[in-house]
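Here's the structure, in structure tokens; my notes come after.
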Amino acid sequence: MRSHCRQIVPVCCFLLLLLAQHACAAASIRLTANCSSEFCICLPTDTSPQITAAGETLRQYIQRVSGAVLPIKDTGSHTGNRIVFEVGSSVDPDITPATLGDDGFRIRTIGSDIVFTAKSDQGIQNAVYTFLETYLGCRRYSVSFEVIPHTPTIVLPPIDNTQVPRITFRMQDIRDSAYNAWHKLDGLEDWGLFVHTFKTLVPPATYFADHPEYYSENNGVRVADAQLCLSNPEVLRVVVDELRRRIEENPGANFWSVSQNDTYVPCGCAGCRALDSAEGSPAGSILAFVNRVADEFPDKTISTLAYLYSRQAPAHLKPAPNVNIMLCSIDCNRSRPIAEDPANASFVSDLKDWAALTHNIFLWDYVVQFRNLVSPFPNLRTIQPNMQFFVENGITSVFEQGVASLQGEFAELRVYLLAKLLWDPYIDIDSVMNDFLHGYYGAAAPYVREYIDAEHDALARSGEDLSIYGYPYPSDDGYLSADMLDRYEAIFARAEAAVCDDPEYLLHVHTAHLPVQYAVLEQAKMLGFAERGFFVRDADGSRRARPELEALLQTFFDRCQHAGITRLWEHGNPPEYYLASTRTFIDGTLQEHLALDRLVTLAVPASSKYHRGEAAALTDGLKGWDDYHFHWLGFEGEEMDVTIDLGSVQPVTRIETSFLQDNLSWVFMPQEVEFLVSEDGEAFHTVGTVRSLVPPERVDPVTAPFDVEFAPEPARFVKVKTASFRNCPAWHKGFGGKAWIFIDEIKVF
């Protein structure tokens with residue numbers, strides 16, 4: 001944790017202190033004077049560890065701000081000036097503790113005392129952190145960066161501040177207890193199991209071989225990597241028994257998730273279909289099942305997902321009183337507020353329908369671009385209206401999912417703003433943002449704000465959508481157009497110049513700059529030899545990488561290292577891998593070979609979804625990387641049969657290509673690839689066959705070479721043919737759907 005004692009405190013707090021120092025003497029309280037204080041922090045007798053810790057936190061920060069050391073005593077042992085913690089007490093005649101809820105509090109000055117009142121220990125802790133921010137000007141802007149003002153004399157105005165949050169469970173995926181405490185965020189301490197638990201409660205490795213009927217029927221076949229058969233009474237017995245065992249091991253946990261796996265379709269057996277049909281939604285079979293589980297555990301809350309296929313509420317069935325519905329907004333567009341975008345109309349309808357059935361809803365919202373974490377993602381203008389929409393429709397529990405290690409664009413700012421909105425959706429978010437920018441970026445703050453406004457304005461003008469699984473594609477007039485990227489670079493040049501003499505602020509600005517640099521690199525890789533692409537062709541026909549982009553690649557990697565960024569994608573892609581794979585892409589693209597730019601003929605057309613289905617993608621020189629969206633040619637449910645005309649008969653000794661597997665996207669390696677050559681294009685003979693060594697069950701994206709080397713053969717034509725899965729295999733969650741194969745550049749030597 002880096003702490004910063006600065007003479008200049010955040011703007012809003014400076015004004016508060018200034019007003020306090022000019023208040024009339026009778027109405028104000030001098031908490032400290034010239035690094036000393038007459039106050040004592042008074043805790044209830046027989047206090048809890050949490051209250052003791054809150055008192056110690058308050059003491060430490062007052063000392064760090066002013067230099068004054070306040071003693072901590074029992075409430076009854078001090079009669080002078082006091083900061084008093086009142087927990088669950090009726091000492092406050094104007095408010096009963098019950099009205100404050102478990103999290104709320106009241107801070108007020110009574111005579112010479114400063115009184116913190118709360119129903120619970122948690123409320124007192126929340127009051128302490130609010131006092132530190134609101135009246136002492138302290139800030140915890142990130143897990144590792146806080147600002148503590150230095151003012152030897154603290155004069156407080158009259159205070160009467162009552163806060164009761166409308167959202168009673170407030171969560172982000174942050175693994176830092178100090179940050180969570182400061183920002184009043186909850187964790188999973190009260191959860192025994194948390195989401196996607198069917199596979200945990202009924203493990204396929206344990207049951208599928210002997211009881212395939214426990215699992216989803218998909219196109220007439222029982223599939224292990226899918227859901228459970230919820231109409232099977234034996235499945236209910238297994239789930240209840242396993243859940244009872246786990247609850248006995250962890251009796252203190254109150255929330256237990258019984259919820260669908262992270263796959264795409266429900267069970268299609270007659271029994272499950274009948275339940276779903278009766279309720280008009282696949283939530284029918286899920287809720288009927290979960291309600292029965294909940295009956296077995298009346299003193300626990302059983303949570304289940306309304307997610308993807310199960311998001312639509314059932315027509316008639318209501319959740320049991322101890323059933324929690326975890327409603328997920330995963331497929332909503334993020335460029336506009338959820339409630340204002342016609343593209344999100346079905347989610348809005350589903351939320352309202354669930355709210356009509358139950359008040360026990362946990363809203364799971366998504367706030368970063370998971371596929372390309374370090375990429376421009378201008379959604380900051382939507383997070384407040386979205387939060388207001390949630391609470392105005394009765395939502396009291398919200399999880400804002402980013403990434404635990406905080407690696408998206410403006411990760412620290414986004415998390416900070418969301419924490420403030422989870423506590424109070426109606427804050428002046430513009431002022432809060434400016435306060436953060438001033439404290440976190442120093443003299444660069446105006447330029448960082450200029451960038452934020454520029455990218456958001458450009459997105460609004462363009463009308464483009466914003467997906468949490470999007471890519472930094474080039475566009476003609478959107479927020480990632482060439483003109484806008486150039487403008488962003490100019491803004492960040494000014495921002496970096498403004499803090500060039502302050503290493504910590506400069507690090508923050510460099511980190512904020514990374515998404516723009518990533519977009520420039522990714523677009524250059526996509527564009528290849530086109531304008532702004534990674535490569536150029538010289539007048540003599542030779543090809544080379546642009547040196548400024550190679551330098552940018554190294555700068556991007558170095559700054560990721562300095563910022564502690566460990567992944568560029570939700571499921572991985574560390575900067576080391578990105579650097580190595582991009583250099584492999586560069587080297588592979590620049591390699592000369594006989595098939596380069598030669599005519600390609602496809603016996604079966606490629607899918608037009610990728611690289612426009614153009615056969616020339618196989619000889620244009622551009623290598624693919626481990627993402628089928630770029631420089632790969634795809635075939636869905638079809639075998640590939642490719643012929644390349646080398647233009648003349650030449651001695652050929654080696655043929656190379658690569659295929660890609662992305663099991664989660666129904667993309668598999670071919671089982672076998674055959675390589676053939678011909679002099680006339682009619683009579684072909686095989687020069688080699690390569691079988692895949694990649695298990696089809698492997699789920700992480702992977703590329704693999706399929707290369708053959710042989711004695712010199714005279715050839716003008718080269719053919720590459722596959723033998724592959726035409727459909728997803730029976731064990732796969734996509735069974736019944738068409739499988740894909742994706743092929744990269746074919747090189748001939």
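Going by the structure tokens order, chains are called A, B, ..., each with residues numbered from 1, while ligands are numbered from 1 in the order shown.
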Quiz item: Hey, what's within 10 Å of Pro729 in chain A if we count only C-alpha atoms and toss same-chain stuff fewer than 6 positions away? As an MDAnalysis selection string, please?
Solution: chainID A and resid 223 666 696:697 735:739
Exercise. Could you find all residues in range 154-338 of chain A that DSSP calls alpha helix (DSSP H) from the backbone, and write them as a ChimeraX atom specification?
Key: /A:177-182,198-201,204-207,233-249,270-279,283-296
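Distances from A:Asn261, A:Asn254, A:Ala209, A:Ala33 to Leu156 in chain A were compared using only C-alpha atoms, and the smallest one belongs to A:Ala33.
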Exercise. Give me the residues within 7 Å of range 452-467 of chain A as a PyMOL selection string, counting only C-alpha atoms and dropping any in the same chain fewer than 4 places off.
Key: chain A and resi 333-335+369+378+448+477-479
Practice problem: From range 150-343 of chain A, collect each residue whose DSSP state is strand (DSSP E) and return the set as a PyMOL selection string. | Solution: chain A and resi 154-156+160-163+169-172+191-193+217-218+221-222+255-257+301-306+323-328
Could you please take those selected residues and save N, CA and C atoms as a compact mmCIF listing (two decimals), in the first residue's frame?
```txt
# COMPACT_ATOMS: atom_id res chain seq x y z
N ILE A 154 -7.83 20.19 12.70
CA ILE A 154 -9.06 19.72 12.05
C ILE A 154 -10.24 20.37 12.75
N VAL A 155 -10.97 21.19 12.02
CA VAL A 155 -12.18 21.83 12.55
C VAL A 155 -13.37 21.27 11.78
N LEU A 156 -14.31 20.69 12.49
CA LEU A 156 -15.47 20.06 11.87
C LEU A 156 -16.68 20.96 11.95
N ASP A 160 -24.80 16.15 10.91
CA ASP A 160 -25.94 15.25 11.11
C ASP A 160 -26.13 14.49 9.80
N ASN A 161 -25.51 13.32 9.72
CA ASN A 161 -25.40 12.58 8.47
C ASN A 161 -25.91 11.16 8.69
N THR A 162 -27.08 10.87 8.14
CA THR A 162 -27.66 9.54 8.23
C THR A 162 -27.64 8.89 6.85
N GLN A 163 -27.13 7.66 6.79
CA GLN A 163 -27.07 6.95 5.51
C GLN A 163 -27.55 5.52 5.71
N PHE A 169 -26.77 -5.88 -0.22
CA PHE A 169 -25.62 -6.75 -0.51
C PHE A 169 -24.92 -6.18 -1.71
N ARG A 170 -23.67 -5.74 -1.50
CA ARG A 170 -22.93 -5.00 -2.52
C ARG A 170 -21.60 -5.70 -2.75
N MET A 171 -21.43 -6.23 -3.95
CA MET A 171 -20.25 -7.07 -4.17
C MET A 171 -19.55 -6.74 -5.49
N GLN A 172 -18.23 -6.72 -5.43
CA GLN A 172 -17.39 -6.76 -6.62
C GLN A 172 -16.36 -7.87 -6.37
N TRP A 191 -21.45 -17.69 1.86
CA TRP A 191 -21.86 -18.62 0.80
C TRP A 191 -21.12 -19.94 0.94
N GLY A 192 -21.89 -21.02 0.90
CA GLY A 192 -21.28 -22.34 0.91
C GLY A 192 -20.91 -22.82 -0.47
N LEU A 193 -21.75 -22.54 -1.46
CA LEU A 193 -21.49 -22.82 -2.87
C LEU A 193 -21.97 -21.62 -3.67
N GLU A 217 -30.47 -34.79 -21.53
CA GLU A 217 -30.66 -35.44 -22.82
C GLU A 217 -30.58 -34.36 -23.89
N ASN A 218 -29.67 -34.57 -24.83
CA ASN A 218 -29.44 -33.60 -25.89
C ASN A 218 -29.55 -34.33 -27.23
N VAL A 221 -29.52 -38.06 -26.77
CA VAL A 221 -28.34 -38.67 -26.14
C VAL A 221 -28.07 -37.97 -24.81
N ARG A 222 -27.76 -38.75 -23.79
CA ARG A 222 -27.40 -38.18 -22.49
C ARG A 222 -25.96 -37.67 -22.56
N PHE A 255 -25.99 -19.31 2.47
CA PHE A 255 -26.39 -19.30 1.07
C PHE A 255 -25.74 -20.47 0.34
N TRP A 256 -26.55 -21.22 -0.39
CA TRP A 256 -26.07 -22.40 -1.12
C TRP A 256 -26.66 -22.39 -2.51
N SER A 257 -25.78 -22.38 -3.49
CA SER A 257 -26.24 -22.31 -4.88
C SER A 257 -26.50 -23.71 -5.43
N THR A 301 -30.77 -20.33 2.60
CA THR A 301 -31.22 -19.75 1.33
C THR A 301 -30.59 -20.54 0.19
N ILE A 302 -31.45 -21.07 -0.69
CA ILE A 302 -30.99 -21.82 -1.85
C ILE A 302 -31.05 -20.90 -3.06
N SER A 303 -29.91 -20.65 -3.66
CA SER A 303 -29.82 -19.71 -4.77
C SER A 303 -29.73 -20.47 -6.09
N THR A 304 -30.36 -19.93 -7.12
CA THR A 304 -30.23 -20.52 -8.45
C THR A 304 -30.15 -19.42 -9.49
N LEU A 305 -29.65 -19.78 -10.66
CA LEU A 305 -29.40 -18.80 -11.71
C LEU A 305 -30.61 -18.61 -12.63
N ALA A 306 -30.83 -17.37 -13.02
CA ALA A 306 -31.66 -17.03 -14.18
C ALA A 306 -30.67 -16.45 -15.20
N VAL A 323 -35.77 -19.24 -1.53
CA VAL A 323 -35.07 -19.40 -2.81
C VAL A 323 -34.67 -18.02 -3.33
N ASN A 324 -33.41 -17.91 -3.68
CA ASN A 324 -32.86 -16.67 -4.24
C ASN A 324 -32.65 -16.85 -5.74
N ILE A 325 -33.09 -15.85 -6.50
CA ILE A 325 -32.93 -15.86 -7.95
C ILE A 325 -31.75 -14.97 -8.32
N MET A 326 -30.72 -15.55 -8.91
CA MET A 326 -29.55 -14.81 -9.35
C MET A 326 -29.72 -14.47 -10.83
N LEU A 327 -30.19 -13.26 -11.09
CA LEU A 327 -30.55 -12.82 -12.44
C LEU A 327 -29.34 -12.16 -13.10
N CYS A 328 -28.99 -12.61 -14.31
CA CYS A 328 -27.74 -12.20 -14.96
C CYS A 328 -28.00 -11.40 -16.24
```
Exercise. Point out the residue among A:Gln671, A:Gln407, A:Thr130, A:Asn360 with the least atom-to-atom distance to Ser724 in chain A, counting only C-alpha atoms.
Key: A:Gln671
Quiz prompt | Å distance separating CA of Pro149 in chain A from CA of Gly137 in chain A, one decimal place | solution =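 Here the two named atoms are 6.4 Å from each other.
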Practice problem: Within 12 Å of Asp331 in chain A, counting only C-alpha atoms, which residues show up once you throw out same-chain ones fewer than 3 positions away? Write them as a PyMOL selection string, please. | Solution: chain A and resi 307-309+311+327-328+334+338+343-348+364-367+465-470
Could you write out the selected residues, including C-alpha atoms, as an mmCIF file, in the first residue's frame?
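Listed below is the output, selection.cif:
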```cif
data_model
loop_
_atom_site.group_PDB
_atom_site.id
_atom_site.type_symbol
_atom_site.label_atom_id
_atom_site.label_comp_id
_atom_site.auth_asym_id
_atom_site.auth_seq_id
_atom_site.Cartn_x
_atom_site.Cartn_y
_atom_site.Cartn_z
ATOM 1 C CA TYR A 307 -28.954 -17.042 -16.825
ATOM 2 C CA LEU A 308 -28.899 -17.304 -20.621
ATOM 3 C CA TYR A 309 -31.528 -19.916 -21.515
ATOM 4 C CA ARG A 311 -33.354 -16.010 -17.730
ATOM 5 C CA LEU A 327 -30.546 -12.822 -12.442
ATOM 6 C CA CYS A 328 -27.744 -12.201 -14.962
ATOM 7 C CA ARG A 334 -23.319 -1.889 -22.847
ATOM 8 C CA ILE A 338 -29.990 -1.065 -20.097
ATOM 9 C CA ALA A 343 -31.769 -4.255 -27.717
ATOM 10 C CA ASN A 344 -32.135 -4.940 -23.992
ATOM 11 C CA ALA A 345 -35.931 -5.004 -23.950
ATOM 12 C CA SER A 346 -36.126 -8.724 -23.200
ATOM 13 C CA PHE A 347 -33.849 -8.392 -20.178
ATOM 14 C CA VAL A 348 -35.885 -5.460 -18.861
ATOM 15 C CA TRP A 364 -25.353 -10.171 -11.484
ATOM 16 C CA ASP A 365 -24.146 -7.361 -13.742
ATOM 17 C CA TYR A 366 -21.098 -7.242 -16.051
ATOM 18 C CA VAL A 367 -18.898 -4.191 -16.463
ATOM 19 C CA ASP A 465 -23.049 -1.439 -29.648
ATOM 20 C CA LEU A 466 -20.656 -2.434 -26.887
ATOM 21 C CA SER A 467 -20.286 -6.118 -26.047
ATOM 22 C CA ILE A 468 -18.550 -7.602 -23.022
ATOM 23 C CA TYR A 469 -17.037 -10.126 -25.461
ATOM 24 C CA GLY A 470 -16.110 -7.580 -28.104
#
```
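By chain and then residue number, the residues within 6 Å of range 493-497 of chain A are A:Ala444, A:Tyr447, A:Ala490, A:Ile491, A:Val499, A:Cys500, counting only C-alpha atoms and disregarding those fewer than 2 positions away in sequence.
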Using 12 Å as the limit and counting only C-alpha atoms, can you tabulate each residue of range 485-602 of chain A that touches range 611-634 of chain A, with its shortest atom-to-atom distance in Å and the two atoms involved, as a tab-separated table?
```
residue	atom	partner	partner_atom	distance
A:Glu522	CA	A:Phe630	CA	10.0
A:Gln523	CA	A:Phe630	CA	10.4
A:Ala524	CA	A:Phe630	CA	11.5
A:Lys525	CA	A:Phe630	CA	8.5
A:Met526	CA	A:Phe630	CA	6.4
A:Leu527	CA	A:Leu622	CA	9.6
A:Gly528	CA	A:Leu622	CA	6.7
A:Phe529	CA	A:Leu622	CA	8.7
A:Ala530	CA	A:Leu622	CA	11.5
A:Gly533	CA	A:Leu622	CA	11.1
A:Phe534	CA	A:Leu622	CA	10.2
A:Phe535	CA	A:Leu622	CA	9.7
A:Arg537	CA	A:Gly621	CA	11.8
A:Arg543	CA	A:Gly621	CA	10.0
A:Arg544	CA	A:Gly621	CA	11.7
A:Ala545	CA	A:Leu622	CA	11.8
A:Trp569	CA	A:Asp627	CA	11.4
A:Gly572	CA	A:Asp626	CA	11.8
A:Asn573	CA	A:Asp626	CA	9.8
A:Tyr577	CA	A:Asp626	CA	10.8
A:Tyr578	CA	A:Trp625	CA	9.8
A:Leu579	CA	A:Trp625	CA	11.8
A:Ala580	CA	A:Trp625	CA	10.8
A:Ser581	CA	A:Trp625	CA	7.0
A:Thr582	CA	A:Trp625	CA	7.8
A:Arg583	CA	A:Trp625	CA	10.5
A:Thr584	CA	A:Lys623	CA	8.5
A:Phe585	CA	A:Lys623	CA	5.5
A:Ile586	CA	A:Lys623	CA	7.8
A:Asp587	CA	A:Lys623	CA	8.9
A:Gly588	CA	A:Lys623	CA	6.0
A:Thr589	CA	A:Leu622	CA	4.8
A:Leu590	CA	A:Gly621	CA	7.0
A:Gln591	CA	A:Gly621	CA	7.7
A:Glu592	CA	A:Gly621	CA	8.2
A:His593	CA	A:Gly621	CA	8.9
A:Leu594	CA	A:Thr619	CA	9.5
A:Ala595	CA	A:Thr619	CA	6.0
A:Leu596	CA	A:Thr619	CA	5.0
A:Asp597	CA	A:Thr619	CA	5.0
A:Arg598	CA	A:Thr619	CA	6.2
A:Leu599	CA	A:Ala616	CA	7.0
A:Val600	CA	A:Ala615	CA	5.7
A:Thr601	CA	A:Ala615	CA	6.7
A:Leu602	CA	A:Ala615	CA	6.7
```
Would you write out those residues with N, CA and C atoms, as a CSV table (one decimal), in the first residue's frame?
```csv
chain,number,residue,atom,x,y,z
A,522,GLU,N,-3.8,-4.4,-32.1
A,522,GLU,CA,-4.7,-5.4,-32.5
A,522,GLU,C,-5.3,-5.0,-33.9
A,523,GLN,N,-5.6,-3.8,-34.1
A,523,GLN,CA,-6.0,-3.4,-35.4
A,523,GLN,C,-4.9,-3.5,-36.5
A,524,ALA,N,-3.7,-3.3,-36.1
A,524,ALA,CA,-2.6,-3.4,-37.1
A,524,ALA,C,-2.5,-4.9,-37.4
A,525,LYS,N,-2.6,-5.8,-36.5
A,525,LYS,CA,-2.6,-7.2,-36.8
A,525,LYS,C,-3.7,-7.7,-37.7
A,526,MET,N,-4.9,-7.1,-37.4
A,526,MET,CA,-6.1,-7.4,-38.3
A,526,MET,C,-5.9,-6.9,-39.7
A,527,LEU,N,-5.3,-5.7,-39.8
A,527,LEU,CA,-5.2,-5.0,-41.1
A,527,LEU,C,-4.1,-5.6,-42.0
A,528,GLY,N,-3.1,-6.2,-41.4
A,528,GLY,CA,-2.1,-6.9,-42.1
A,528,GLY,C,-1.3,-5.9,-43.0
A,529,PHE,N,-1.4,-6.0,-44.3
A,529,PHE,CA,-0.7,-5.2,-45.3
A,529,PHE,C,-1.5,-3.9,-45.7
A,530,ALA,N,-2.7,-3.7,-45.1
A,530,ALA,CA,-3.5,-2.6,-45.5
A,530,ALA,C,-3.0,-1.3,-44.8
A,533,GLY,N,-1.8,-1.1,-41.2
A,533,GLY,CA,-1.5,-2.5,-40.8
A,533,GLY,C,-0.1,-2.7,-40.3
A,534,PHE,N,0.2,-3.9,-39.8
A,534,PHE,CA,1.5,-4.2,-39.2
A,534,PHE,C,2.6,-4.3,-40.2
A,535,PHE,N,2.2,-4.5,-41.5
A,535,PHE,CA,3.2,-4.8,-42.5
A,535,PHE,C,3.1,-3.8,-43.7
A,537,ARG,N,4.6,-3.5,-47.9
A,537,ARG,CA,5.3,-4.1,-49.1
A,537,ARG,C,6.1,-2.9,-49.7
A,543,ARG,N,8.7,-7.6,-48.1
A,543,ARG,CA,7.7,-7.3,-47.0
A,543,ARG,C,8.5,-7.1,-45.7
A,544,ARG,N,8.0,-6.2,-44.9
A,544,ARG,CA,8.6,-6.0,-43.6
A,544,ARG,C,7.5,-5.5,-42.6
A,545,ALA,N,7.9,-5.6,-41.3
A,545,ALA,CA,7.0,-5.1,-40.3
A,545,ALA,C,7.4,-3.6,-40.1
A,569,TRP,N,-7.1,-11.4,-21.2
A,569,TRP,CA,-8.3,-12.1,-21.5
A,569,TRP,C,-8.8,-12.7,-20.2
A,572,GLY,N,-7.1,-15.9,-19.5
A,572,GLY,CA,-5.6,-16.0,-19.6
A,572,GLY,C,-5.0,-15.0,-20.5
A,573,ASN,N,-4.1,-15.5,-21.4
A,573,ASN,CA,-3.3,-14.6,-22.3
A,573,ASN,C,-2.5,-13.6,-21.5
A,577,TYR,N,2.8,-14.1,-23.1
A,577,TYR,CA,2.3,-14.9,-24.2
A,577,TYR,C,1.9,-14.0,-25.4
A,578,TYR,N,1.3,-12.9,-25.0
A,578,TYR,CA,0.9,-11.9,-26.1
A,578,TYR,C,2.1,-11.5,-26.9
A,579,LEU,N,3.2,-11.1,-26.2
A,579,LEU,CA,4.4,-10.7,-26.8
A,579,LEU,C,5.0,-11.8,-27.7
A,580,ALA,N,5.1,-13.0,-27.2
A,580,ALA,CA,5.7,-14.1,-28.0
A,580,ALA,C,4.8,-14.5,-29.2
A,581,SER,N,3.5,-14.5,-29.0
A,581,SER,CA,2.6,-14.9,-30.1
A,581,SER,C,2.5,-13.9,-31.1
A,582,THR,N,2.6,-12.6,-30.7
A,582,THR,CA,2.6,-11.5,-31.8
A,582,THR,C,3.9,-11.6,-32.6
A,583,ARG,N,5.0,-11.9,-31.9
A,583,ARG,CA,6.2,-12.0,-32.6
A,583,ARG,C,6.2,-13.2,-33.6
A,584,THR,N,5.6,-14.3,-33.1
A,584,THR,CA,5.4,-15.4,-34.0
A,584,THR,C,4.6,-15.1,-35.2
A,585,PHE,N,3.5,-14.3,-35.0
A,585,PHE,CA,2.7,-13.8,-36.1
A,585,PHE,C,3.5,-13.0,-37.0
A,586,ILE,N,4.4,-12.1,-36.5
A,586,ILE,CA,5.2,-11.2,-37.4
A,586,ILE,C,6.1,-12.1,-38.2
A,587,ASP,N,6.9,-13.0,-37.5
A,587,ASP,CA,7.9,-13.8,-38.2
A,587,ASP,C,7.2,-14.7,-39.2
A,588,GLY,N,6.1,-15.3,-38.8
A,588,GLY,CA,5.4,-16.2,-39.7
A,588,GLY,C,4.9,-15.5,-40.9
A,589,THR,N,4.4,-14.3,-40.8
A,589,THR,CA,3.8,-13.6,-41.9
A,589,THR,C,4.9,-13.2,-42.9
A,590,LEU,N,6.1,-12.9,-42.4
A,590,LEU,CA,7.2,-12.4,-43.3
A,590,LEU,C,8.0,-13.6,-43.9
A,591,GLN,N,7.6,-14.8,-43.6
A,591,GLN,CA,8.4,-15.9,-44.2
A,591,GLN,C,8.0,-16.1,-45.6
A,592,GLU,N,9.0,-16.2,-46.5
A,592,GLU,CA,8.7,-16.5,-47.9
A,592,GLU,C,8.5,-17.9,-48.1
A,593,HIS,N,7.6,-18.2,-49.1
A,593,HIS,CA,7.3,-19.6,-49.5
A,593,HIS,C,6.7,-19.7,-50.8
A,594,LEU,N,6.6,-20.9,-51.4
A,594,LEU,CA,6.2,-21.0,-52.8
A,594,LEU,C,4.7,-20.7,-53.0
A,595,ALA,N,3.9,-20.9,-52.0
A,595,ALA,CA,2.5,-20.7,-52.2
A,595,ALA,C,2.0,-19.3,-52.0
A,596,LEU,N,2.9,-18.4,-51.6
A,596,LEU,CA,2.6,-17.0,-51.2
A,596,LEU,C,1.9,-16.3,-52.4
A,597,ASP,N,0.6,-15.8,-52.1
A,597,ASP,CA,-0.2,-15.1,-53.0
A,597,ASP,C,-0.6,-15.9,-54.2
A,598,ARG,N,-0.5,-17.3,-54.2
A,598,ARG,CA,-0.9,-18.1,-55.3
A,598,ARG,C,-2.4,-18.4,-55.2
A,599,LEU,N,-3.0,-18.8,-56.3
A,599,LEU,CA,-4.4,-19.1,-56.5
A,599,LEU,C,-4.8,-20.3,-55.6
A,600,VAL,N,-5.9,-20.1,-54.9
A,600,VAL,CA,-6.5,-21.2,-54.1
A,600,VAL,C,-7.9,-21.5,-54.5
A,601,THR,N,-8.2,-22.8,-54.6
A,601,THR,CA,-9.5,-23.3,-55.0
A,601,THR,C,-10.1,-24.1,-53.9
A,602,LEU,N,-11.3,-23.9,-53.5
A,602,LEU,CA,-12.0,-24.6,-52.4
A,602,LEU,C,-13.0,-25.5,-53.0
```
